[in-house]
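Participant: One file is attached below, structure_5.pdb, containing PDB, C-alpha atoms.
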```
ATOM      1  CA  MET A   1      83.988  86.317 135.527  1.00  0.00           C
ATOM      2  CA  ILE A   2      86.652  88.991 135.811  1.00  0.00           C
ATOM      3  CA  LEU A   3      89.804  88.050 133.876  1.00  0.00           C
ATOM      4  CA  TYR A   4      91.860  91.168 134.458  1.00  0.00           C
ATOM      5  CA  GLU A   5      91.565  94.311 136.528  1.00  0.00           C
ATOM      6  CA  ASN A   6      94.141  97.063 136.890  1.00  0.00           C
ATOM      7  CA  SER A   7      94.710 100.778 137.324  1.00  0.00           C
ATOM      8  CA  ILE A   8      97.470 102.196 135.125  1.00  0.00           C
ATOM      9  CA  ASN A   9      99.354 105.425 134.495  1.00  0.00           C
ATOM     10  CA  SER A  10      98.243 107.755 131.718  1.00  0.00           C
ATOM     11  CA  SER A  11     101.126 107.083 129.334  1.00  0.00           C
ATOM     12  CA  PHE A  12     101.488 105.293 125.990  1.00  0.00           C
ATOM     13  CA  ASP A  13     104.213 103.081 127.483  1.00  0.00           C
ATOM     14  CA  ALA A  14     101.828 101.954 130.255  1.00  0.00           C
ATOM     15  CA  VAL A  15      99.194 101.223 127.598  1.00  0.00           C
ATOM     16  CA  ASP A  16     101.676  99.112 125.626  1.00  0.00           C
ATOM     17  CA  THR A  17     102.663  97.096 128.706  1.00  0.00           C
ATOM     18  CA  THR A  18      99.039  96.581 129.768  1.00  0.00           C
ATOM     19  CA  VAL A  19      97.839  95.459 126.339  1.00  0.00           C
ATOM     20  CA  THR A  20     100.721  92.988 126.132  1.00  0.00           C
ATOM     21  CA  GLU A  21      99.736  91.556 129.548  1.00  0.00           C
ATOM     22  CA  ILE A  22      96.069  91.222 128.609  1.00  0.00           C
ATOM     23  CA  LEU A  23      96.832  89.577 125.255  1.00  0.00           C
ATOM     24  CA  LYS A  24      99.133  87.076 126.967  1.00  0.00           C
ATOM     25  CA  LEU A  25      96.406  86.280 129.491  1.00  0.00           C
ATOM     26  CA  ILE A  26      93.801  85.778 126.761  1.00  0.00           C
ATOM     27  CA  ARG A  27      96.169  83.529 124.790  1.00  0.00           C
ATOM     28  CA  ASN A  28      96.831  81.377 127.853  1.00  0.00           C
ATOM     29  CA  GLN A  29      93.314  81.224 129.293  1.00  0.00           C
ATOM     30  CA  LEU A  30      91.007  81.416 126.258  1.00  0.00           C
ATOM     31  CA  PRO A  31      92.214  79.040 123.540  1.00  0.00           C
ATOM     32  CA  MET A  32      89.039  79.654 121.504  1.00  0.00           C
ATOM     33  CA  VAL A  33      90.238  83.204 120.857  1.00  0.00           C
ATOM     34  CA  ASN A  34      92.391  82.728 117.764  1.00  0.00           C
ATOM     35  CA  ALA A  35      95.269  84.882 116.533  1.00  0.00           C
ATOM     36  CA  HIS A  36      93.059  86.924 114.175  1.00  0.00           C
ATOM     37  CA  ILE A  37      90.654  87.829 116.982  1.00  0.00           C
ATOM     38  CA  ARG A  38      93.583  88.602 119.295  1.00  0.00           C
ATOM     39  CA  PHE A  39      94.895  91.026 116.634  1.00  0.00           C
ATOM     40  CA  LYS A  40      91.551  92.846 116.668  1.00  0.00           C
ATOM     41  CA  ILE A  41      91.439  92.917 120.463  1.00  0.00           C
ATOM     42  CA  ASN A  42      95.009  94.256 120.462  1.00  0.00           C
ATOM     43  CA  PHE A  43      94.030  97.113 118.110  1.00  0.00           C
ATOM     44  CA  MET A  44      90.810  97.838 120.034  1.00  0.00           C
ATOM     45  CA  LEU A  45      92.465  97.916 123.464  1.00  0.00           C
ATOM     46  CA  ARG A  46      95.204 100.245 122.266  1.00  0.00           C
ATOM     47  CA  GLU A  47      92.572 102.541 120.757  1.00  0.00           C
ATOM     48  CA  ILE A  48      90.423 102.941 123.864  1.00  0.00           C
ATOM     49  CA  LEU A  49      93.370 103.039 126.287  1.00  0.00           C
ATOM     50  CA  ASN A  50      95.342 105.542 124.186  1.00  0.00           C
ATOM     51  CA  ASN A  51      92.243 107.734 123.973  1.00  0.00           C
ATOM     52  CA  ALA A  52      91.724 107.522 127.746  1.00  0.00           C
ATOM     53  CA  ALA A  53      95.375 108.447 128.359  1.00  0.00           C
ATOM     54  CA  GLU A  54      95.587 111.243 125.792  1.00  0.00           C
ATOM     55  CA  HIS A  55      92.118 112.770 125.516  1.00  0.00           C
ATOM     56  CA  GLY A  56      90.661 111.760 128.905  1.00  0.00           C
ATOM     57  CA  ASN A  57      93.629 112.290 131.214  1.00  0.00           C
ATOM     58  CA  HIS A  58      95.785 114.503 128.933  1.00  0.00           C
ATOM     59  CA  LEU A  59      98.778 112.220 129.606  1.00  0.00           C
ATOM     60  CA  ASP A  60      98.815 113.468 133.224  1.00  0.00           C
ATOM     61  CA  LEU A  61     100.766 110.845 135.169  1.00  0.00           C
ATOM     62  CA  ASN A  62      98.879 111.804 138.329  1.00  0.00           C
ATOM     63  CA  LYS A  63      95.677 110.544 136.749  1.00  0.00           C
ATOM     64  CA  LYS A  64      94.837 106.859 136.419  1.00  0.00           C
ATOM     65  CA  ILE A  65      93.031 104.691 133.908  1.00  0.00           C
ATOM     66  CA  ASP A  66      90.996 101.802 135.281  1.00  0.00           C
ATOM     67  CA  ILE A  67      90.596  98.739 133.096  1.00  0.00           C
ATOM     68  CA  LYS A  68      88.547  95.592 133.608  1.00  0.00           C
ATOM     69  CA  VAL A  69      88.242  92.611 131.271  1.00  0.00           C
ATOM     70  CA  SER A  70      85.434  90.130 131.894  1.00  0.00           C
ATOM     71  CA  LEU A  71      84.239  86.916 130.327  1.00  0.00           C
ATOM     72  CA  ILE A  72      80.473  87.235 129.941  1.00  0.00           C
ATOM     73  CA  HIS A  73      77.774  85.107 128.334  1.00  0.00           C
ATOM     74  CA  GLU A  74      78.144  86.779 124.922  1.00  0.00           C
ATOM     75  CA  GLY A  75      81.927  86.871 124.903  1.00  0.00           C
ATOM     76  CA  LEU A  76      84.420  89.384 126.199  1.00  0.00           C
ATOM     77  CA  LYS A  77      83.682  92.722 127.823  1.00  0.00           C
ATOM     78  CA  PHE A  78      86.281  95.478 128.212  1.00  0.00           C
ATOM     79  CA  GLU A  79      85.661  98.500 130.434  1.00  0.00           C
ATOM     80  CA  VAL A  80      88.005 101.498 130.497  1.00  0.00           C
ATOM     81  CA  ARG A  81      87.449 104.494 132.765  1.00  0.00           C
ATOM     82  CA  ASP A  82      89.554 107.655 132.864  1.00  0.00           C
ATOM     83  CA  GLU A  83      89.449 110.763 135.059  1.00  0.00           C
ATOM     84  CA  GLY A  84      88.374 113.124 132.286  1.00  0.00           C
ATOM     85  CA  ASP A  85      85.125 114.971 131.663  1.00  0.00           C
ATOM     86  CA  GLY A  86      83.735 112.248 129.431  1.00  0.00           C
ATOM     87  CA  PHE A  87      82.482 112.415 125.877  1.00  0.00           C
ATOM     88  CA  LYS A  88      79.652 111.278 123.643  1.00  0.00           C
ATOM     89  CA  LEU A  89      80.125 108.947 120.729  1.00  0.00           C
ATOM     90  CA  ASN A  90      78.411 110.197 117.601  1.00  0.00           C
ATOM     91  CA  PRO A  91      76.377 107.213 116.343  1.00  0.00           C
ATOM     92  CA  ASP A  92      76.271 108.657 112.837  1.00  0.00           C
ATOM     93  CA  PHE A  93      79.998 108.658 112.204  1.00  0.00           C
ATOM     94  CA  HIS A  94      81.034 107.516 108.774  1.00  0.00           C
ATOM     95  CA  ILE A  95      84.306 107.295 106.946  1.00  0.00           C
ATOM     96  CA  LYS A  96      84.048 110.196 104.533  1.00  0.00           C
ATOM     97  CA  ASN A  97      87.737 110.767 104.004  1.00  0.00           C
ATOM     98  CA  ASN A  98      89.972 107.823 104.751  1.00  0.00           C
ATOM     99  CA  LEU A  99      93.046 109.983 105.158  1.00  0.00           C
ATOM    100  CA  ARG A 100      91.531 111.988 107.973  1.00  0.00           C
ATOM    101  CA  GLU A 101      93.575 111.397 111.066  1.00  0.00           C
ATOM    102  CA  ARG A 102      90.885 111.766 113.747  1.00  0.00           C
ATOM    103  CA  GLN A 103      87.786 109.663 114.525  1.00  0.00           C
ATOM    104  CA  ARG A 104      89.198 106.829 112.426  1.00  0.00           C
ATOM    105  CA  GLY A 105      89.794 104.602 115.440  1.00  0.00           C
ATOM    106  CA  TYR A 106      86.233 104.204 116.702  1.00  0.00           C
ATOM    107  CA  GLU A 107      84.908 103.919 113.174  1.00  0.00           C
ATOM    108  CA  THR A 108      87.281 101.042 112.565  1.00  0.00           C
ATOM    109  CA  LEU A 109      86.379  99.303 115.841  1.00  0.00           C
ATOM    110  CA  SER A 110      82.737  99.399 114.886  1.00  0.00           C
ATOM    111  CA  GLU A 111      83.545  97.861 111.507  1.00  0.00           C
ATOM    112  CA  MET A 112      85.559  95.147 113.284  1.00  0.00           C
ATOM    113  CA  ALA A 113      82.284  94.089 114.971  1.00  0.00           C
ATOM    114  CA  PHE A 114      83.042  95.496 118.396  1.00  0.00           C
ATOM    115  CA  LYS A 115      80.001  96.918 120.189  1.00  0.00           C
ATOM    116  CA  ILE A 116      80.958 100.233 121.777  1.00  0.00           C
ATOM    117  CA  GLU A 117      79.083 102.077 124.520  1.00  0.00           C
ATOM    118  CA  VAL A 118      80.220 105.327 126.085  1.00  0.00           C
ATOM    119  CA  ASP A 119      78.906 106.303 129.509  1.00  0.00           C
ATOM    120  CA  HIS A 120      80.426 109.637 130.559  1.00  0.00           C
ATOM    121  CA  ASN A 121      84.125 108.818 131.088  1.00  0.00           C
ATOM    122  CA  CYS A 122      83.743 105.047 130.806  1.00  0.00           C
ATOM    123  CA  VAL A 123      84.014 103.159 127.507  1.00  0.00           C
ATOM    124  CA  LYS A 124      82.516  99.666 127.398  1.00  0.00           C
ATOM    125  CA  VAL A 125      83.353  97.383 124.502  1.00  0.00           C
ATOM    126  CA  THR A 126      81.914  93.926 123.979  1.00  0.00           C
ATOM    127  CA  PHE A 127      83.018  91.325 121.484  1.00  0.00           C
ATOM    128  CA  ASP A 128      80.750  88.416 120.643  1.00  0.00           C
ATOM    129  CA  LEU A 129      82.950  85.339 120.496  1.00  0.00           C
ATOM    130  CA  ASN A 130      80.140  83.345 118.904  1.00  0.00           C
ATOM    131  CA  MET A 131      79.875  85.655 115.926  1.00  0.00           C
ATOM    132  CA  GLU A 132      82.040  85.013 112.906  1.00  0.00           C
ATOM    133  CA  VAL A 133      83.791  88.207 111.809  1.00  0.00           C
ATOM    134  CA  LEU A 134      85.898  89.086 108.777  1.00  0.00           C
TER     135      LEU A 134
ATOM    136  CA  MET B   1     114.147 101.320 112.352  1.00  0.00           C
ATOM    137  CA  GLU B   2     116.651 100.110 109.760  1.00  0.00           C
ATOM    138  CA  LYS B   3     117.412 101.543 106.329  1.00  0.00           C
ATOM    139  CA  ILE B   4     118.627  99.862 103.144  1.00  0.00           C
ATOM    140  CA  LYS B   5     119.089 101.746  99.872  1.00  0.00           C
ATOM    141  CA  ILE B   6     119.132  99.885  96.567  1.00  0.00           C
ATOM    142  CA  ASP B   7     119.081 101.509  93.125  1.00  0.00           C
ATOM    143  CA  GLY B   8     117.374 104.707  94.195  1.00  0.00           C
ATOM    144  CA  SER B   9     114.856 102.948  96.390  1.00  0.00           C
ATOM    145  CA  ILE B  10     114.880 103.222 100.174  1.00  0.00           C
ATOM    146  CA  LYS B  11     113.563 100.376 102.293  1.00  0.00           C
ATOM    147  CA  LEU B  12     112.757 101.210 105.899  1.00  0.00           C
ATOM    148  CA  THR B  13     112.218  98.223 108.189  1.00  0.00           C
ATOM    149  CA  LEU B  14     110.385  98.793 111.448  1.00  0.00           C
ATOM    150  CA  THR B  15     111.739  96.631 114.258  1.00  0.00           C
ATOM    151  CA  GLU B  16     109.336  97.702 117.023  1.00  0.00           C
ATOM    152  CA  GLY B  17     105.543  97.837 117.202  1.00  0.00           C
ATOM    153  CA  LEU B  18     103.840 100.511 115.110  1.00  0.00           C
ATOM    154  CA  THR B  19     102.187 101.926 118.215  1.00  0.00           C
ATOM    155  CA  ALA B  20     101.706 105.263 119.961  1.00  0.00           C
ATOM    156  CA  ASN B  21     104.618 104.746 122.349  1.00  0.00           C
ATOM    157  CA  ASN B  22     107.046 104.135 119.467  1.00  0.00           C
ATOM    158  CA  VAL B  23     105.851 106.590 116.795  1.00  0.00           C
ATOM    159  CA  PRO B  24     107.789 109.588 118.238  1.00  0.00           C
ATOM    160  CA  LYS B  25     110.997 107.492 117.944  1.00  0.00           C
ATOM    161  CA  PHE B  26     110.113 106.593 114.349  1.00  0.00           C
ATOM    162  CA  ASN B  27     109.578 110.252 113.464  1.00  0.00           C
ATOM    163  CA  GLU B  28     112.962 111.139 114.955  1.00  0.00           C
ATOM    164  CA  GLY B  29     114.543 108.189 113.153  1.00  0.00           C
ATOM    165  CA  LEU B  30     113.133 109.357 109.845  1.00  0.00           C
ATOM    166  CA  LYS B  31     114.881 112.720 110.154  1.00  0.00           C
ATOM    167  CA  GLU B  32     118.228 110.974 110.642  1.00  0.00           C
ATOM    168  CA  LEU B  33     117.762 108.192 108.104  1.00  0.00           C
ATOM    169  CA  ILE B  34     116.299 110.292 105.290  1.00  0.00           C
ATOM    170  CA  PRO B  35     117.814 113.781 105.306  1.00  0.00           C
ATOM    171  CA  PRO B  36     116.022 116.371 103.139  1.00  0.00           C
ATOM    172  CA  ASP B  37     118.774 116.354 100.498  1.00  0.00           C
ATOM    173  CA  GLU B  38     118.786 112.576  99.989  1.00  0.00           C
ATOM    174  CA  ALA B  39     118.007 111.564  96.399  1.00  0.00           C
ATOM    175  CA  PHE B  40     115.682 108.583  95.928  1.00  0.00           C
ATOM    176  CA  LYS B  41     112.722 107.566  93.785  1.00  0.00           C
ATOM    177  CA  SER B  42     110.650 105.380  96.057  1.00  0.00           C
ATOM    178  CA  LEU B  43     110.162 104.433  99.688  1.00  0.00           C
ATOM    179  CA  ILE B  44     109.202 100.949 100.847  1.00  0.00           C
ATOM    180  CA  LEU B  45     108.016 100.616 104.445  1.00  0.00           C
ATOM    181  CA  ASP B  46     108.694  97.058 105.592  1.00  0.00           C
ATOM    182  CA  LEU B  47     106.259  95.867 108.282  1.00  0.00           C
ATOM    183  CA  GLY B  48     107.423  92.246 108.206  1.00  0.00           C
ATOM    184  CA  GLN B  49     108.551  92.298 111.833  1.00  0.00           C
ATOM    185  CA  ILE B  50     105.455  94.057 113.168  1.00  0.00           C
ATOM    186  CA  ASP B  51     102.626  92.397 115.101  1.00  0.00           C
ATOM    187  CA  ASN B  52     101.302  95.367 117.074  1.00  0.00           C
ATOM    188  CA  ILE B  53      99.657  98.377 115.454  1.00  0.00           C
ATOM    189  CA  ASP B  54      97.259 101.092 116.577  1.00  0.00           C
ATOM    190  CA  SER B  55      95.631 104.095 114.935  1.00  0.00           C
ATOM    191  CA  VAL B  56      98.580 106.323 115.814  1.00  0.00           C
ATOM    192  CA  GLY B  57     100.750 103.863 113.890  1.00  0.00           C
ATOM    193  CA  VAL B  58      98.325 103.921 110.971  1.00  0.00           C
ATOM    194  CA  THR B  59      98.541 107.720 111.018  1.00  0.00           C
ATOM    195  CA  PHE B  60     102.344 107.418 110.800  1.00  0.00           C
ATOM    196  CA  VAL B  61     101.987 105.314 107.628  1.00  0.00           C
ATOM    197  CA  ILE B  62      99.495 107.765 106.126  1.00  0.00           C
ATOM    198  CA  SER B  63     101.794 110.666 106.973  1.00  0.00           C
ATOM    199  CA  LEU B  64     104.704 108.950 105.203  1.00  0.00           C
ATOM    200  CA  PHE B  65     102.503 108.278 102.180  1.00  0.00           C
ATOM    201  CA  LYS B  66     101.463 111.944 102.058  1.00  0.00           C
ATOM    202  CA  GLN B  67     105.072 113.140 102.335  1.00  0.00           C
ATOM    203  CA  MET B  68     106.135 110.870  99.478  1.00  0.00           C
ATOM    204  CA  LYS B  69     103.180 111.910  97.332  1.00  0.00           C
ATOM    205  CA  ASN B  70     103.922 115.590  97.903  1.00  0.00           C
ATOM    206  CA  ASN B  71     107.527 114.984  96.829  1.00  0.00           C
ATOM    207  CA  GLU B  72     106.482 112.898  93.799  1.00  0.00           C
ATOM    208  CA  LYS B  73     108.035 109.701  95.123  1.00  0.00           C
ATOM    209  CA  ALA B  74     106.477 106.249  95.077  1.00  0.00           C
ATOM    210  CA  PHE B  75     105.387 104.633  98.355  1.00  0.00           C
ATOM    211  CA  LYS B  76     104.687 100.985  99.105  1.00  0.00           C
ATOM    212  CA  VAL B  77     104.187  98.840 102.205  1.00  0.00           C
ATOM    213  CA  SER B  78     105.878  95.441 102.234  1.00  0.00           C
ATOM    214  CA  GLY B  79     105.794  92.296 104.347  1.00  0.00           C
ATOM    215  CA  ALA B  80     102.652  93.186 106.275  1.00  0.00           C
ATOM    216  CA  SER B  81     100.831  90.331 107.986  1.00  0.00           C
ATOM    217  CA  GLU B  82      97.458  89.119 106.767  1.00  0.00           C
ATOM    218  CA  ASP B  83      95.834  90.896 109.734  1.00  0.00           C
ATOM    219  CA  ILE B  84      97.529  94.227 109.030  1.00  0.00           C
ATOM    220  CA  ILE B  85      96.604  93.982 105.329  1.00  0.00           C
ATOM    221  CA  SER B  86      92.989  93.295 106.344  1.00  0.00           C
ATOM    222  CA  LEU B  87      93.071  96.297 108.677  1.00  0.00           C
ATOM    223  CA  PHE B  88      94.422  98.591 105.940  1.00  0.00           C
ATOM    224  CA  LYS B  89      91.779  97.298 103.533  1.00  0.00           C
ATOM    225  CA  LEU B  90      89.074  97.834 106.154  1.00  0.00           C
ATOM    226  CA  MET B  91      90.299 101.420 106.457  1.00  0.00           C
ATOM    227  CA  LYS B  92      90.317 101.610 102.643  1.00  0.00           C
ATOM    228  CA  LEU B  93      93.974 102.578 102.592  1.00  0.00           C
ATOM    229  CA  ASP B  94      94.758 100.089  99.825  1.00  0.00           C
ATOM    230  CA  GLN B  95      93.302 102.616  97.369  1.00  0.00           C
ATOM    231  CA  PHE B  96      96.139 105.004  98.199  1.00  0.00           C
ATOM    232  CA  PHE B  97      99.226 102.774  98.272  1.00  0.00           C
ATOM    233  CA  GLU B  98     100.282  99.318  97.142  1.00  0.00           C
ATOM    234  CA  MET B  99     101.008  96.481  99.571  1.00  0.00           C
ATOM    235  CA  ILE B 100     103.578  93.933  98.403  1.00  0.00           C
ATOM    236  CA  ASP B 101     105.100  90.745  99.851  1.00  0.00           C
TER     237      ASP B 101
END
```
Once more with this new file: its structure as structure tokens, please.
Facilitator:
Amino acid sequence: MILYENSINSSFDAVDTTVTEILKLIRNQLPMVNAHIRFKINFMLREILNNAAEHGNHLDLNKKIDIKVSLIHEGLKFEVRDEGDGFKLNPDFHIKNNLRERQRGYETLSEMAFKIEVDHNCVKVTFDLNMEVL
Amino acid sequence: MEKIKIDGSIKLTLTEGLTANNVPKFNEGLKELIPPDEAFKSLILDLGQIDNIDSVGVTFVISLFKQMKNNEKAFKVSGASEDIISLFKLMKLDQFFEMID
């Protein structure tokens, strides 16, 4: 079941507005998603949307970011597509230096128990609502 | 961003989300609130009013920590929510700076 679908501008302000909308929707429609999980979803959504805006679309306001949030059997699925050339996620990333300012985001999402798949210029993230995390 | 100075310690309170859309404003605010010639011993970053954070915001905190370390000043984070503390611990940032109530 699709909970949210939108196409937004490639700006950090648009990301902020969109994440706020999605979090409000989740709070109202999915009471089983508690405040701690909403915090993680908030961080995750900002990470993948900011990356799509900055690295995918280079903050070009003529380029759009498509986002879809679905309720699936396992939990929640988030799909974000930009108009960039795409990228590959290195499955062997590790935190070697915690003060490094790049790559930290996806590493952290993985440690927060989000499952991340990258298909060209589309990032798919699933979160198992049945799994206890942190 | 609001500033209070007590006994050589500066407390900066963030009043908007620590997120990519706000970080440029925070960096500008820092230049005005803490001029290069200001004398102080420690900086406390108060996150008590913050619910939203992203990795750009985390980078802002790390950058502040590095600036303070380079200038031999103490740096602490105060008032952070349980979730933000957990996030910083997950990112192993608690080994670099102290988090207080």
Participant: Looking at A:Ser10, A:Asn51, A:Asn34, A:Thr108, which one is nearest to chain B, with distances taken over all atoms listed in the file?
Facilitator: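 That would be A:Thr108, the residue with the smallest distance to chain B.
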Participant: Can you pull out every residue within 12 Å of A:Gly56, counting all atoms listed in the file, but drop anything in the same chain fewer than 6 positions away, and send it as an mmCIF file with C-alpha atoms, in the frame of the given file?
Facilitator:
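Generated file (part_2.cif):
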```cif
data_model
loop_
_atom_site.group_PDB
_atom_site.id
_atom_site.type_symbol
_atom_site.label_atom_id
_atom_site.label_comp_id
_atom_site.auth_asym_id
_atom_site.auth_seq_id
_atom_site.Cartn_x
_atom_site.Cartn_y
_atom_site.Cartn_z
ATOM 1 C CA SER A 10 98.243 107.755 131.718
ATOM 2 C CA SER A 11 101.126 107.083 129.334
ATOM 3 C CA ILE A 48 90.423 102.941 123.864
ATOM 4 C CA LEU A 49 93.370 103.039 126.287
ATOM 5 C CA ASN A 50 95.342 105.542 124.186
ATOM 6 C CA LYS A 63 95.677 110.544 136.749
ATOM 7 C CA LYS A 64 94.837 106.859 136.419
ATOM 8 C CA ILE A 65 93.031 104.691 133.908
ATOM 9 C CA ASP A 66 90.996 101.802 135.281
ATOM 10 C CA VAL A 80 88.005 101.498 130.497
ATOM 11 C CA ARG A 81 87.449 104.494 132.765
ATOM 12 C CA ASP A 82 89.554 107.655 132.864
ATOM 13 C CA GLU A 83 89.449 110.763 135.059
ATOM 14 C CA GLY A 84 88.374 113.124 132.286
ATOM 15 C CA ASP A 85 85.125 114.971 131.663
ATOM 16 C CA GLY A 86 83.735 112.248 129.431
ATOM 17 C CA PHE A 87 82.482 112.415 125.877
ATOM 18 C CA HIS A 120 80.426 109.637 130.559
ATOM 19 C CA ASN A 121 84.125 108.818 131.088
ATOM 20 C CA CYS A 122 83.743 105.047 130.806
ATOM 21 C CA VAL A 123 84.014 103.159 127.507
#
```
Participant: Would you translate the PyMOL selection byres ((chain A) within 6 of (chain B)) into the concrete set of residues it matches in this file, as a ChimeraX atom specification?
Facilitator: /A:12-13,43,105
Participant: For atom CA of A:Leu76 and atom CA of A:Asp128, determine how far apart the two atoms are, in Å to one decimal place.
Facilitator: 6.7 Å
Participant: As an exercise, work out the distance from atom CA of B:Ser42 to atom CA of B:Leu14 in Å and give it to one decimal place.
Facilitator: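 These atoms are spaced 16.7 Å apart.
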Participant: Neighbours of B:Ile100 within 9 Å (all atoms listed in the file; same-chain residues fewer than 3 positions away dropped), as a count of residues only?
Facilitator: 5
Participant: Evaluate the PyMOL selection byres ((chain B and resi 33) around 9) against this structure - the residues, as a compact mmCIF listing (two decimals) with C-alpha atoms, in the frame of the given file, please.
Facilitator:
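Output (out20.txt):
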```
# COMPACT_ATOMS: atom_id res chain seq x y z
CA MET B 1 114.15 101.32 112.35
CA GLU B 2 116.65 100.11 109.76
CA LYS B 3 117.41 101.54 106.33
CA LEU B 12 112.76 101.21 105.90
CA GLU B 28 112.96 111.14 114.96
CA GLY B 29 114.54 108.19 113.15
CA LEU B 30 113.13 109.36 109.84
CA LYS B 31 114.88 112.72 110.15
CA GLU B 32 118.23 110.97 110.64
CA ILE B 34 116.30 110.29 105.29
CA PRO B 35 117.81 113.78 105.31
```
Participant: Calculate how many Å separate atom CA of A:Leu3 from atom CA of A:Lys77, rounding to one decimal.
Facilitator: 9.8 Å
Participant: Might you pull out every residue within 12 Å of B:Met68, with only C-alpha atoms counted and same-chain residues fewer than 2 positions away left off, and present them as an MDAnalysis selection string?
Facilitator: chainID B and resid 10 34 36 40:45 61:66 70:76 96:97
